[in-house]
file run_33.txt (compact mmCIF, C-alpha atoms and all ligand atoms)
# COMPACT_ATOMS: atom_id res chain seq x y z
CA MET A 84 27.99 9.54 7.45
CA LEU A 85 26.19 7.54 10.14
CA THR A 86 27.56 4.03 10.63
CA ASN A 87 26.85 1.11 12.98
CA LEU A 88 23.35 2.29 13.79
CA ASP A 89 21.08 -0.15 15.57
CA ILE A 90 17.66 0.52 14.03
CA MET A 91 14.42 -0.83 15.49
CA ILE A 92 11.37 -1.12 13.24
CA ALA A 93 7.84 -1.36 14.63
CA GLY A 94 5.75 -3.62 12.38
CA ALA A 95 6.50 -6.33 9.82
CA GLY A 96 3.96 -5.32 7.18
CA LEU A 97 5.04 -4.57 3.61
CA GLY A 98 6.43 -1.18 4.74
CA GLY A 99 8.44 -2.49 7.70
CA LEU A 100 9.94 -5.40 5.76
CA ALA A 101 10.86 -3.22 2.78
CA ALA A 102 12.42 -0.60 5.06
CA ALA A 103 14.44 -3.36 6.70
CA CYS A 104 15.79 -4.52 3.31
CA SER A 105 16.79 -0.96 2.38
CA LEU A 106 18.45 -0.28 5.74
CA ILE A 107 20.30 -3.61 5.83
CA LYS A 108 21.53 -3.06 2.27
CA ALA A 109 22.82 0.37 3.37
CA GLY A 110 24.86 -1.38 6.10
CA PHE A 111 22.73 -0.73 9.19
CA SER A 112 21.83 -3.27 11.83
CA VAL A 113 18.06 -3.86 12.02
CA ARG A 114 15.55 -5.55 14.34
CA ILE A 115 11.82 -5.73 13.52
CA PHE A 116 9.20 -6.05 16.27
CA GLU A 117 5.81 -7.37 15.14
CA ARG A 118 2.69 -7.71 17.26
CA ALA A 119 1.28 -10.73 15.38
CA ALA A 120 2.33 -14.22 16.43
CA LYS A 121 2.71 -15.29 12.80
CA LEU A 122 4.14 -13.48 9.81
CA GLY A 123 1.70 -12.91 6.98
CA GLU A 124 -0.50 -10.54 5.05
CA VAL A 125 -4.26 -10.51 4.61
CA GLY A 126 -6.05 -9.19 1.55
CA ALA A 127 -5.60 -10.16 -2.06
CA GLY A 128 -4.32 -8.04 -4.94
CA ILE A 129 -1.80 -5.25 -4.93
CA GLN A 130 -0.46 -3.24 -7.85
CA LEU A 131 3.18 -2.32 -8.19
CA SER A 132 4.01 0.40 -10.67
CA ALA A 133 7.58 1.18 -11.82
CA ASN A 134 8.30 3.48 -8.86
CA ALA A 135 7.75 0.49 -6.53
CA MET A 136 9.41 -2.03 -8.85
CA HIS A 137 12.69 -0.03 -8.83
CA VAL A 138 12.84 -0.77 -5.10
CA LEU A 139 12.11 -4.48 -5.51
CA ASP A 140 14.69 -4.69 -8.32
CA TYR A 141 17.22 -3.09 -5.95
CA PHE A 142 16.44 -5.83 -3.38
CA GLY A 143 17.11 -8.44 -6.08
CA LEU A 144 13.44 -9.45 -6.14
CA GLY A 145 12.36 -8.06 -9.50
CA GLU A 146 12.43 -11.36 -11.38
CA GLN A 147 10.55 -13.23 -8.64
CA VAL A 148 7.88 -10.55 -8.49
CA ASN A 149 7.52 -10.55 -12.27
CA GLU A 150 7.07 -14.33 -12.29
CA LEU A 151 4.38 -14.28 -9.61
CA SER A 152 2.53 -11.33 -11.14
CA VAL A 153 0.43 -10.37 -14.09
CA GLN A 154 1.66 -7.47 -16.23
CA PRO A 155 -1.56 -5.80 -17.41
CA GLN A 156 -1.73 -4.45 -20.96
CA ALA A 157 -3.59 -1.30 -20.03
CA TYR A 158 -5.50 0.71 -17.43
CA VAL A 159 -9.11 0.89 -18.63
CA PHE A 160 -11.86 3.16 -17.25
CA ARG A 161 -15.41 1.96 -17.99
CA LEU A 162 -18.99 2.89 -17.18
CA TYR A 163 -20.61 0.72 -14.55
CA ASN A 164 -23.64 -0.47 -16.53
CA THR A 165 -22.88 -0.46 -20.26
CA GLY A 166 -19.14 -1.03 -19.97
CA GLU A 167 -18.57 1.98 -22.28
CA GLU A 168 -14.85 2.75 -22.31
CA LEU A 169 -14.17 6.33 -21.22
CA GLN A 170 -10.40 6.14 -21.40
CA ARG A 171 -7.44 3.78 -21.42
CA PHE A 172 -3.70 4.16 -21.16
CA ALA A 173 -1.09 1.60 -22.06
CA LEU A 174 0.91 -0.32 -19.44
CA ALA A 175 3.05 -3.43 -20.23
CA GLU A 176 5.84 -2.56 -22.72
CA THR A 177 4.87 1.12 -22.81
CA HIS A 178 5.19 1.43 -19.04
CA PHE A 179 8.49 -0.45 -19.11
CA LYS A 180 9.93 1.65 -21.94
CA MET A 181 8.93 4.85 -20.23
CA HIS A 182 10.08 4.03 -16.69
CA ARG A 183 12.60 1.16 -17.06
CA ALA A 184 10.56 -1.14 -14.80
CA PRO A 185 7.34 -3.13 -15.24
CA TYR A 186 3.81 -2.61 -13.90
CA ASN A 187 2.87 -5.71 -11.89
CA GLN A 188 -0.23 -7.04 -10.15
CA ILE A 189 0.56 -9.52 -7.41
CA HIS A 190 -1.04 -11.31 -4.46
CA ARG A 191 -0.16 -9.49 -1.22
CA ALA A 192 0.68 -12.73 0.56
CA ASP A 193 3.20 -13.60 -2.19
CA LEU A 194 4.86 -10.18 -1.95
CA HIS A 195 4.97 -10.30 1.84
CA LYS A 196 6.49 -13.78 1.80
CA ILE A 197 9.33 -12.92 -0.57
CA LEU A 198 10.11 -9.69 1.30
CA ALA A 199 10.28 -11.55 4.64
CA LYS A 200 12.55 -14.17 3.05
CA ARG A 201 14.79 -11.47 1.63
CA VAL A 202 15.16 -9.83 5.07
CA THR A 203 16.44 -13.14 6.44
CA GLU A 204 18.73 -13.72 3.45
CA LEU A 205 20.25 -10.26 3.89
CA ALA A 206 20.62 -10.25 7.69
CA GLY A 207 20.32 -13.86 8.86
CA GLU A 208 17.66 -15.51 11.03
CA GLY A 209 16.38 -13.98 14.22
CA ILE A 210 15.93 -10.29 13.44
CA ILE A 211 12.13 -10.45 13.24
CA TYR A 212 10.60 -10.67 16.72
CA LEU A 213 7.03 -11.96 16.53
CA ASP A 214 4.44 -11.65 19.28
CA HIS A 215 6.09 -8.35 20.34
CA GLU A 216 3.38 -5.76 20.75
CA ILE A 217 4.91 -2.34 21.36
CA THR A 218 3.14 -0.36 24.07
CA SER A 219 5.29 2.81 24.12
CA PHE A 220 8.74 4.23 23.42
CA HIS A 221 10.97 6.48 25.49
CA GLU A 222 13.59 8.63 23.87
CA SER A 223 16.71 10.20 25.40
CA ASP A 224 19.62 12.07 23.84
CA ASP A 225 21.57 8.90 23.13
CA GLN A 226 19.03 6.08 22.67
CA VAL A 227 15.41 4.92 22.27
CA MET A 228 13.80 2.38 24.58
CA LEU A 229 10.90 0.26 23.34
CA LYS A 230 8.40 -1.27 25.76
CA PHE A 231 6.28 -4.35 24.97
CA LYS A 232 3.35 -6.24 26.36
CA GLY A 233 4.84 -9.27 28.16
CA HIS A 234 8.49 -8.78 27.15
CA ALA A 235 11.46 -6.90 28.61
CA PRO A 236 12.22 -3.52 27.03
CA VAL A 237 14.91 -3.17 24.37
CA HIS A 238 17.14 -0.26 23.36
CA GLY A 239 18.43 1.00 20.03
CA ASP A 240 19.71 4.12 18.26
CA VAL A 241 16.67 4.78 16.06
CA LEU A 242 13.01 3.72 15.99
CA ILE A 243 10.96 3.62 12.79
CA GLY A 244 7.21 3.23 13.21
CA ALA A 245 5.92 1.10 10.32
CA ASP A 246 2.95 0.09 12.42
CA GLY A 247 0.12 0.89 10.02
CA VAL A 248 -2.92 3.17 9.99
CA LYS A 249 -3.53 2.93 13.74
CA SER A 250 0.16 3.61 14.48
CA LEU A 251 1.10 3.87 18.13
CA VAL A 252 4.47 5.41 17.20
CA ARG A 253 2.75 8.16 15.17
CA ASN A 254 0.30 8.85 17.98
CA GLN A 255 3.15 9.19 20.44
CA ILE A 256 4.97 11.65 18.15
CA CYS A 257 1.98 13.69 16.98
CA GLY A 258 -0.67 13.03 19.61
CA GLU A 259 -3.75 10.95 18.82
CA VAL A 260 -4.88 12.06 15.34
CA PRO A 261 -8.62 12.43 14.72
CA VAL A 262 -10.12 9.58 12.70
CA LYS A 263 -13.04 10.28 10.38
CA TYR A 264 -15.10 7.78 8.41
CA THR A 265 -14.73 8.56 4.68
CA GLY A 266 -18.21 7.35 3.77
CA ASP A 267 -16.72 4.45 1.77
CA ALA A 268 -16.46 0.75 2.44
CA VAL A 269 -14.44 -1.62 0.25
CA TRP A 270 -15.59 -5.11 -0.69
CA ARG A 271 -13.00 -7.74 -1.54
CA VAL A 272 -13.58 -11.09 -3.21
CA THR A 273 -11.53 -13.27 -5.53
CA VAL A 274 -12.51 -15.80 -8.20
CA PRO A 275 -10.30 -18.64 -9.49
CA THR A 276 -9.80 -17.84 -13.18
CA LYS A 277 -10.73 -21.39 -14.18
CA LYS A 278 -14.28 -20.76 -12.93
CA LEU A 279 -14.71 -17.79 -15.28
CA PRO A 280 -15.90 -18.14 -18.89
CA SER A 281 -12.94 -18.27 -21.29
CA ASN A 282 -11.73 -14.85 -22.53
CA PHE A 283 -13.73 -13.29 -19.72
CA GLN A 284 -11.60 -10.19 -19.26
CA ALA A 285 -8.43 -9.17 -21.07
CA PRO A 286 -5.41 -8.89 -18.77
CA VAL A 287 -6.06 -5.25 -17.98
CA MET A 288 -6.59 -3.16 -14.90
CA ALA A 289 -10.33 -2.45 -15.21
CA VAL A 290 -11.97 0.38 -13.26
CA TRP A 291 -15.78 0.35 -13.43
CA MET A 292 -17.37 3.65 -12.36
CA GLY A 293 -20.90 4.64 -11.46
CA PRO A 294 -22.97 6.79 -9.11
CA GLU A 295 -21.59 6.58 -5.56
CA LYS A 296 -19.52 3.46 -6.33
CA HIS A 297 -16.68 2.06 -8.31
CA ALA A 298 -15.13 -1.38 -8.73
CA VAL A 299 -11.78 -2.66 -9.83
CA SER A 300 -10.99 -6.05 -11.36
CA TYR A 301 -7.63 -7.49 -12.34
CA PHE A 302 -5.74 -10.79 -12.43
CA ILE A 303 -3.06 -11.83 -9.96
CA ARG A 304 -0.88 -14.88 -9.18
CA ASN A 305 0.26 -15.42 -12.73
CA GLY A 306 -3.33 -15.16 -13.95
CA GLU A 307 -4.77 -17.86 -11.67
CA ILE A 308 -6.99 -15.51 -9.66
CA LEU A 309 -9.25 -12.58 -10.52
CA ASN A 310 -9.15 -9.93 -7.82
CA PHE A 311 -12.28 -7.81 -7.31
CA VAL A 312 -12.52 -4.71 -5.14
CA GLY A 313 -15.85 -2.91 -4.88
CA CYS A 314 -15.88 0.56 -3.29
CA VAL A 315 -19.30 1.75 -2.15
CA GLU A 316 -20.55 4.84 -0.38
CA THR A 317 -22.47 3.71 2.68
CA GLU A 318 -23.61 5.06 6.03
CA GLU A 319 -23.16 1.63 7.59
CA VAL A 320 -19.82 2.07 9.34
CA SER A 321 -17.98 -1.13 10.16
CA GLU A 322 -14.51 -2.31 11.08
CA GLU A 323 -11.30 -0.98 9.52
CA SER A 324 -10.05 -4.47 8.92
CA TRP A 325 -9.35 -6.86 6.05
CA THR A 326 -10.59 -9.81 8.07
CA ALA A 327 -14.15 -8.56 8.69
CA ARG A 328 -16.51 -10.88 6.78
CA PHE A 329 -19.85 -9.66 5.48
CA PRO A 330 -22.83 -11.44 3.91
CA TRP A 331 -22.33 -12.07 0.20
CA GLU A 332 -25.97 -11.04 -0.36
CA ASN A 333 -25.09 -7.46 0.67
CA LEU A 334 -22.31 -7.33 -1.91
CA LYS A 335 -24.69 -8.61 -4.56
CA LYS A 336 -27.24 -5.96 -3.60
CA ASP A 337 -24.65 -3.15 -3.63
CA PHE A 338 -23.87 -3.89 -7.29
CA GLU A 339 -27.42 -4.49 -8.53
CA GLY A 340 -27.85 -3.10 -12.05
CA TRP A 341 -24.12 -3.17 -12.81
CA HIS A 342 -22.59 -4.76 -15.93
CA SER A 343 -22.98 -8.51 -16.54
CA ASP A 344 -19.19 -8.99 -16.02
CA ILE A 345 -19.52 -7.59 -12.50
CA GLN A 346 -22.51 -9.89 -11.87
CA ALA A 347 -20.48 -12.88 -13.10
CA ILE A 348 -17.56 -12.06 -10.79
CA ILE A 349 -19.82 -11.66 -7.77
CA ASP A 350 -21.83 -14.78 -8.61
CA LEU A 351 -18.69 -16.91 -9.00
CA SER A 352 -16.93 -15.60 -5.88
CA GLU A 353 -16.80 -17.75 -2.76
CA ARG A 354 -19.76 -16.71 -0.65
CA ASP A 355 -18.11 -17.30 2.72
CA GLN A 356 -14.96 -15.39 1.68
CA CYS A 357 -16.53 -12.01 1.27
CA TYR A 358 -14.73 -9.20 3.14
CA ARG A 359 -15.54 -5.56 3.68
CA TRP A 360 -13.22 -2.86 5.05
CA SER A 361 -14.54 0.57 6.08
CA LEU A 362 -12.19 3.33 4.98
CA PHE A 363 -11.27 5.99 7.53
CA LYS A 364 -9.40 9.21 6.99
CA ARG A 365 -6.64 10.66 9.11
CA PRO A 366 -5.20 14.10 8.53
CA VAL A 367 -1.82 14.12 6.81
CA VAL A 368 0.71 14.85 9.54
CA ASP A 369 3.79 16.94 8.85
CA ASN A 370 5.81 16.32 12.00
CA TRP A 371 6.95 12.77 11.24
CA SER A 372 10.14 12.79 13.25
CA THR A 373 11.68 13.53 16.63
CA GLN A 374 15.37 13.31 17.49
CA ARG A 375 15.59 9.53 16.97
CA VAL A 376 12.13 8.37 15.93
CA SER A 377 10.22 8.57 12.66
CA ILE A 378 7.36 6.86 10.83
CA LEU A 379 6.76 5.40 7.39
CA GLY A 380 4.09 3.73 5.26
CA ASP A 381 0.46 3.97 6.34
CA ALA A 382 1.58 5.19 9.78
CA ALA A 383 2.79 8.39 8.12
CA HIS A 384 0.46 8.88 5.16
CA ALA A 385 -2.62 6.65 5.21
CA THR A 386 -4.48 7.19 1.94
CA LEU A 387 -7.61 6.09 0.17
CA PRO A 388 -6.50 3.27 -2.16
CA TYR A 389 -7.80 5.07 -5.29
CA LEU A 390 -4.40 5.59 -6.91
CA ALA A 391 -3.19 2.12 -5.80
CA GLN A 392 -0.04 3.62 -4.25
CA GLY A 393 -0.07 3.08 -0.45
CA ALA A 394 2.43 0.23 -0.43
CA ALA A 395 4.43 1.78 -3.26
CA MET A 396 4.86 4.90 -1.09
CA ALA A 397 5.99 2.71 1.83
CA LEU A 398 8.61 1.05 -0.41
CA GLU A 399 9.86 4.45 -1.58
CA ASP A 400 9.95 5.71 2.05
CA GLY A 401 12.36 2.96 3.11
CA VAL A 402 14.85 3.80 0.35
CA ILE A 403 14.79 7.55 1.04
CA LEU A 404 15.14 6.89 4.78
CA SER A 405 18.22 4.71 4.27
CA ARG A 406 19.74 7.22 1.83
CA ALA A 407 19.19 10.08 4.31
CA LEU A 408 20.76 8.11 7.17
CA SER A 409 23.70 7.17 4.94
CA GLN A 410 24.43 10.70 3.77
CA GLU A 411 24.08 12.62 7.07
CA SER A 412 26.30 12.61 10.14
CA ASN A 413 23.52 13.30 12.64
CA ILE A 414 20.38 11.20 13.20
CA GLU A 415 17.99 14.07 13.82
CA ARG A 416 19.15 15.85 10.67
CA ALA A 417 18.87 12.64 8.63
CA LEU A 418 15.28 12.10 9.81
CA LYS A 419 14.49 15.70 8.84
CA VAL A 420 15.93 15.13 5.36
CA TYR A 421 13.86 11.95 5.09
CA SER A 422 10.53 13.56 6.04
CA ARG A 423 11.21 16.74 4.05
CA ASN A 424 11.67 14.61 0.94
CA ARG A 425 8.66 12.39 1.54
CA ILE A 426 5.94 14.73 2.79
CA PRO A 427 5.16 16.62 -0.46
CA ARG A 428 5.04 13.46 -2.60
CA THR A 429 2.95 11.38 -0.23
CA ARG A 430 0.58 14.32 0.35
CA LYS A 431 0.10 14.54 -3.43
CA VAL A 432 -0.83 10.84 -3.49
CA VAL A 433 -3.35 11.32 -0.66
CA ASN A 434 -4.91 14.32 -2.45
CA GLY A 435 -4.91 12.54 -5.82
CA SER A 436 -6.65 9.54 -4.27
CA ASP A 437 -9.30 11.81 -2.71
CA ALA A 438 -9.85 13.45 -6.10
CA ASN A 439 -10.35 10.02 -7.71
CA ARG A 440 -13.01 9.19 -5.16
CA GLU A 441 -15.03 12.15 -6.36
CA LEU A 442 -14.39 11.45 -10.06
CA PHE A 443 -15.06 7.70 -9.98
CA HIS A 444 -18.34 8.16 -8.04
CA LEU A 445 -19.90 11.01 -10.03
CA ARG A 446 -23.68 10.81 -10.13
CA ASP A 447 -23.85 12.71 -13.43
CA ILE A 448 -22.52 10.38 -16.15
CA GLU A 449 -22.29 13.14 -18.76
CA GLU A 450 -20.04 15.07 -16.41
CA MET A 451 -17.95 11.94 -15.90
CA ARG A 452 -17.56 11.56 -19.70
CA ASN A 453 -16.47 15.22 -19.96
CA ARG A 454 -14.04 14.98 -17.09
CA PHE A 455 -12.35 11.99 -18.76
CA LYS A 456 -12.31 13.81 -22.13
CA ASN A 457 -10.50 16.72 -20.50
CA ARG A 458 -7.85 14.82 -18.63
CA ASP A 459 -5.31 12.26 -19.75
CA GLN A 460 -5.09 9.95 -16.71
CA GLY A 461 -2.04 8.12 -18.05
CA GLY A 462 -0.16 11.31 -18.93
CA TYR A 463 -0.83 12.70 -15.44
CA ARG A 464 0.41 9.56 -13.65
CA ASN A 465 3.36 8.91 -15.95
CA ASP A 466 4.48 12.46 -15.47
CA TRP A 467 5.05 12.50 -11.71
CA LEU A 468 3.85 9.28 -10.08
CA TYR A 469 5.28 6.33 -11.99
CA SER A 470 8.37 8.24 -13.18
CA TYR A 471 9.83 8.67 -9.68
CA ASN A 472 12.85 6.56 -8.80
CA PRO A 473 13.69 6.76 -5.05
CA LEU A 474 17.14 5.31 -5.69
CA SER A 475 18.25 8.13 -7.96
CA VAL A 476 16.01 11.11 -7.16
CA GLU A 477 18.00 14.06 -5.85
CA LEU A 478 17.46 14.66 -2.13
CA PHE A 479 16.82 18.20 -0.91
C1 LIG B 1 -8.52 -1.91 -0.81
C2 LIG B 1 -7.08 -1.56 -0.80
C3 LIG B 1 -6.34 -1.72 -1.96
C4 LIG B 1 -5.00 -1.32 -2.00
N1 LIG B 1 -4.31 -1.48 -3.15
C5 LIG B 1 -3.02 -1.05 -3.21
C6 LIG B 1 -2.29 -1.19 -4.43
O1 LIG B 1 -2.78 -1.69 -5.43
N2 LIG B 1 -0.99 -0.73 -4.45
C7 LIG B 1 -0.39 -0.18 -3.35
O2 LIG B 1 0.78 0.22 -3.43
N3 LIG B 1 -1.07 -0.06 -2.17
C8 LIG B 1 -2.36 -0.48 -2.08
N4 LIG B 1 -3.04 -0.38 -0.91
C9 LIG B 1 -2.38 0.21 0.27
C10 LIG B 1 -1.47 -0.78 0.98
O3 LIG B 1 -2.17 -1.95 1.28
C11 LIG B 1 -0.94 -0.18 2.28
O4 LIG B 1 -0.50 1.13 2.04
C12 LIG B 1 0.23 -0.99 2.82
O5 LIG B 1 -0.13 -2.34 3.02
C13 LIG B 1 0.71 -0.37 4.14
O6 LIG B 1 1.75 -1.13 4.66
P1 LIG B 1 2.36 -0.77 6.09
O7 LIG B 1 3.48 -1.73 6.29
O8 LIG B 1 2.61 0.68 6.18
O9 LIG B 1 1.18 -1.05 7.11
P2 LIG B 1 0.51 -2.45 7.53
O10 LIG B 1 0.43 -3.36 6.38
O11 LIG B 1 -0.75 -2.09 8.24
O12 LIG B 1 1.53 -3.09 8.55
C14 LIG B 1 1.65 -2.65 9.89
C15 LIG B 1 2.24 -3.78 10.72
O13 LIG B 1 2.50 -3.30 12.03
C16 LIG B 1 2.04 -4.23 13.00
N5 LIG B 1 1.73 -3.48 14.22
C17 LIG B 1 0.74 -2.58 14.42
N6 LIG B 1 0.78 -2.09 15.67
C18 LIG B 1 1.84 -2.69 16.28
C19 LIG B 1 2.41 -2.60 17.61
N7 LIG B 1 1.88 -1.79 18.55
N8 LIG B 1 3.49 -3.35 17.91
C20 LIG B 1 4.05 -4.17 16.95
N9 LIG B 1 3.55 -4.31 15.70
C21 LIG B 1 2.46 -3.57 15.36
C22 LIG B 1 0.81 -4.85 12.34
O14 LIG B 1 0.49 -6.10 12.91
C23 LIG B 1 1.28 -4.96 10.89
O15 LIG B 1 1.96 -6.16 10.63
C24 LIG B 1 -4.39 -0.78 -0.83
C25 LIG B 1 -5.12 -0.65 0.36
C26 LIG B 1 -6.46 -1.03 0.38
C27 LIG B 1 -7.25 -0.87 1.67

call {"tool": "encode", "arguments": {"input": "run_33.txt", "output": "structure tokens", "more": "lines below"}}
Ligand SMILES: Cc1cc2nc3c(=O)[nH]c(=O)nc-3n(C[C@H](O)[C@H](O)[C@H](O)COP(=O)(O)OP(=O)(O)OC[C@H]3O[C@@H](n4cnc5c(N)ncnc54)[C@H](O)[C@@H]3O)c2cc1C
result
Amino acid sequence: MLTNLDIMIAGAGLGGLAAACSLIKAGFSVRIFERAAKLGEVGAGIQLSANAMHVLDYFGLGEQVNELSVQPQAYVFRLYNTGEELQRFALAETHFKMHRAPYNQIHRADLHKILAKRVTELAGEGIIYLDHEITSFHESDDQVMLKFKGHAPVHGDVLIGADGVKSLVRNQICGEVPVKYTGDAVWRVTVPTKKLPSNFQAPVMAVWMGPEKHAVSYFIRNGEILNFVGCVETEEVSEESWTARFPWENLKKDFEGWHSDIQAIIDLSERDQCYRWSLFKRPVVDNWSTQRVSILGDAAHATLPYLAQGAAMALEDGVILSRALSQESNIERALKVYSRNRIPRTRKVVNGSDANRELFHLRDIEEMRNRFKNRDQGGYRNDWLYSYNPLSVELF
């Protein structure tokens, strides 16, 4: 068993903070180096199915997350114009009974804040180094050195790259991976619930699907906010960033002819708070680790968000990583165990998300109806996705 390891984490996003909690709880010493000058998270809603909630429960955050979230009654798939329901599967009590943890929808900023607080509660102040942009790492047989812009280098036993889709740590391990535009851009707006007509939408996870587009709407922050995400196929490539603002009029135009509920959401959203993120694809890498360095979260397995599992995978990664380091007596072997256990599952999520892109955007509505008739979406996800518990799954 490895003890007294000094582990350095690149990035204080949801993945880096969650990995820190797992590693600290397993008894390791952790430092997190974050490029931003201020801790925080941009974006709005995020969904946390039972596989992610097991991890937050383990951190002692389950109750807090439940209180800040909305537990949707069901996942509902609808047609874009008429609202015709093509399928639904139960969440809420059904999800809890099946998987022993709830399905939550929360504001990203709220989740990030409680994770950052938990890191400090577990390890004390001063382990998160802000304004520390990593420029490279150098690995030898007995340590890893991290170099920064404007700061002296530091050394540790292990480096974990949780530095997001454009990961420098991944690129140094695997070489620069090719980046390809997916053809999709994602709109994000929110609406305060009090602005919506009463009984506007039941507390469900609604997926609206139509030719070349789909949209998702659900409540967050204890029901105070409606989160809207609109995914559109477009040749207009823009920034891969949650802070890129776009004219509200373009959003309105993209969803012309869609259901009156979608029109109401767009009309009531704040016009100067309209964001659009272009989605890029990176090949799934299968050499995550070197002797002392590995990657997790989006750095390792960036995915389209169409199964709502990117952050959930990052949370699972951190637990499996800490279990692998705890059970092995050699760092390189532990990192191999970690990646061997994570690659098949995260690849399945990436492939499943790609498949949803095709399904949700079908041009032929009759085909869409048939595809939903022939596949139980809930059964499929409950079977392998939501049922996974990283704390108890057997490692191989
Ligand atoms: C539209 C959309 C909806 C989504 N919905 C869901 C959902 O419902 N459920 C879900 O589970 N997931 C969802 N996801 C995915 C989820 O947001 C991501 O998978 C998750 O946030 C990734 O976290 P991360 O910590 O790996 O990366 P990031 O959040 O990108 O964090 C990386 C961190 O590293 C820092 N960093 C980068 N480079 C350096 C450097 N050189 N030096 C130091 N620090 C550095 C960055 O500043 C950042 O803080 C969604 C994604 C999108 C786009």

call {"tool": "closest_atom_pairs", "arguments": {"input": "run_33.txt", "of": "chain A", "to": "ligand LIG 1 (chain B)", "cutoff": "6 Å", "atoms": "all atoms listed in the file", "output": "CSV"}}
result
residue,atom,partner,partner_atom,distance
A:Ala93,CA,B:LIG1,C20,5.3
A:Gly94,CA,B:LIG1,O13,3.3
A:Ala95,CA,B:LIG1,O15,4.6
A:Gly96,CA,B:LIG1,O12,3.6
A:Leu97,CA,B:LIG1,O7,4.2
A:Gly98,CA,B:LIG1,O7,3.4
A:Gly99,CA,B:LIG1,O7,5.2
A:Phe116,CA,B:LIG1,C20,5.5
A:Glu117,CA,B:LIG1,N9,3.8
A:Arg118,CA,B:LIG1,C20,3.8
A:Ala119,CA,B:LIG1,O14,5.3
A:Ile129,CA,B:LIG1,O1,3.7
A:Gln130,CA,B:LIG1,O1,3.7
A:Leu131,CA,B:LIG1,N2,5.8
A:His215,CA,B:LIG1,C20,5.8
A:Glu216,CA,B:LIG1,N8,3.7
A:Ile217,CA,B:LIG1,N8,3.9
A:Thr218,CA,B:LIG1,N7,5.8
A:Ala245,CA,B:LIG1,O8,5.3
A:Asp246,CA,B:LIG1,O13,3.4
A:Gly247,CA,B:LIG1,O11,3.6
A:Val248,CA,B:LIG1,O11,6.0
A:Ser250,CA,B:LIG1,N6,5.9
A:Leu251,CA,B:LIG1,N7,5.7
A:Gly380,CA,B:LIG1,O8,3.5
A:Asp381,CA,B:LIG1,O8,3.9
A:Ala382,CA,B:LIG1,O8,5.9
A:Pro388,CA,B:LIG1,C24,4.8
A:Ala391,CA,B:LIG1,C6,3.7
A:Gln392,CA,B:LIG1,O2,3.6
A:Gly393,CA,B:LIG1,O4,3.2
A:Ala394,CA,B:LIG1,O2,3.4
A:Ala395,CA,B:LIG1,O2,4.0
A:Ala397,CA,B:LIG1,O8,5.9

call {"tool": "residues_around", "arguments": {"input": "run_33.txt", "residues": "Lys121 (chain A)", "least_positions_apart": "5", "cutoff": "10 Å", "atoms": "only C-alpha atoms", "output": "list in words"}}
result
Tyr212, Leu213 and Asp214 of chain A

call {"tool": "residues_near_point", "arguments": {"input": "run_33.txt", "point": "(-5.4, -3.0, -17.5)", "cutoff": "12 Å", "atoms": "only C-alpha atoms", "output": "short mmCIF file (atom, residue, chain, number, x, y, z; two decimals) with C-alpha atoms, in the frame of the given file"}}
result
data_model
loop_
_atom_site.label_atom_id
_atom_site.label_comp_id
_atom_site.auth_asym_id
_atom_site.auth_seq_id
_atom_site.Cartn_x
_atom_site.Cartn_y
_atom_site.Cartn_z
CA GLN A 130 -0.46 -3.24 -7.85
CA VAL A 153 0.43 -10.37 -14.09
CA GLN A 154 1.66 -7.47 -16.23
CA PRO A 155 -1.56 -5.80 -17.41
CA GLN A 156 -1.73 -4.45 -20.96
CA ALA A 157 -3.59 -1.30 -20.03
CA TYR A 158 -5.50 0.71 -17.43
CA VAL A 159 -9.11 0.89 -18.63
CA PHE A 160 -11.86 3.16 -17.25
CA ARG A 161 -15.41 1.96 -17.99
CA GLN A 170 -10.40 6.14 -21.40
CA ARG A 171 -7.44 3.78 -21.42
CA PHE A 172 -3.70 4.16 -21.16
CA ALA A 173 -1.09 1.60 -22.06
CA LEU A 174 0.91 -0.32 -19.44
CA ALA A 175 3.05 -3.43 -20.23
CA HIS A 178 5.19 1.43 -19.04
CA TYR A 186 3.81 -2.61 -13.90
CA ASN A 187 2.87 -5.71 -11.89
CA GLN A 188 -0.23 -7.04 -10.15
CA GLN A 284 -11.60 -10.19 -19.26
CA ALA A 285 -8.43 -9.17 -21.07
CA PRO A 286 -5.41 -8.89 -18.77
CA VAL A 287 -6.06 -5.25 -17.98
CA MET A 288 -6.59 -3.16 -14.90
CA ALA A 289 -10.33 -2.45 -15.21
CA VAL A 290 -11.97 0.38 -13.26
CA TRP A 291 -15.78 0.35 -13.43
CA VAL A 299 -11.78 -2.66 -9.83
CA SER A 300 -10.99 -6.05 -11.36
CA TYR A 301 -7.63 -7.49 -12.34
CA PHE A 302 -5.74 -10.79 -12.43
CA ILE A 303 -3.06 -11.83 -9.96
CA GLY A 461 -2.04 8.12 -18.05
#

call {"tool": "closest_residue", "arguments": {"input": "run_33.txt", "among": "A:Lys278, A:His221, A:His384, A:Lys296", "to": "Lys249 (chain A)", "atoms": "all atoms listed in the file"}}
result
A:His384

call {"tool": "residues_around", "arguments": {"input": "run_33.txt", "residues": "region 424-434 of chain A", "least_positions_apart": "4", "cutoff": "10 Å", "atoms": "only C-alpha atoms", "output": "JSON, numbers by chain"}}
result
{"A": [364, 366, 367, 368, 369, 370, 371, 379, 380, 383, 384, 385, 386, 387, 388, 389, 390, 391, 392, 393, 396, 397, 399, 400, 403, 404, 407, 418, 419, 420, 438, 439, 440, 467, 468, 471, 476, 477, 478, 479]}

call {"tool": "residues_around", "arguments": {"input": "run_33.txt", "residues": "region 226-229 of chain A", "least_positions_apart": "6", "cutoff": "10 Å", "atoms": "all atoms listed in the file", "output": "NGL selection string"}}
result
:A and (89-91 or 93 or 116 or 216-220 or 235-242 or 374-376)
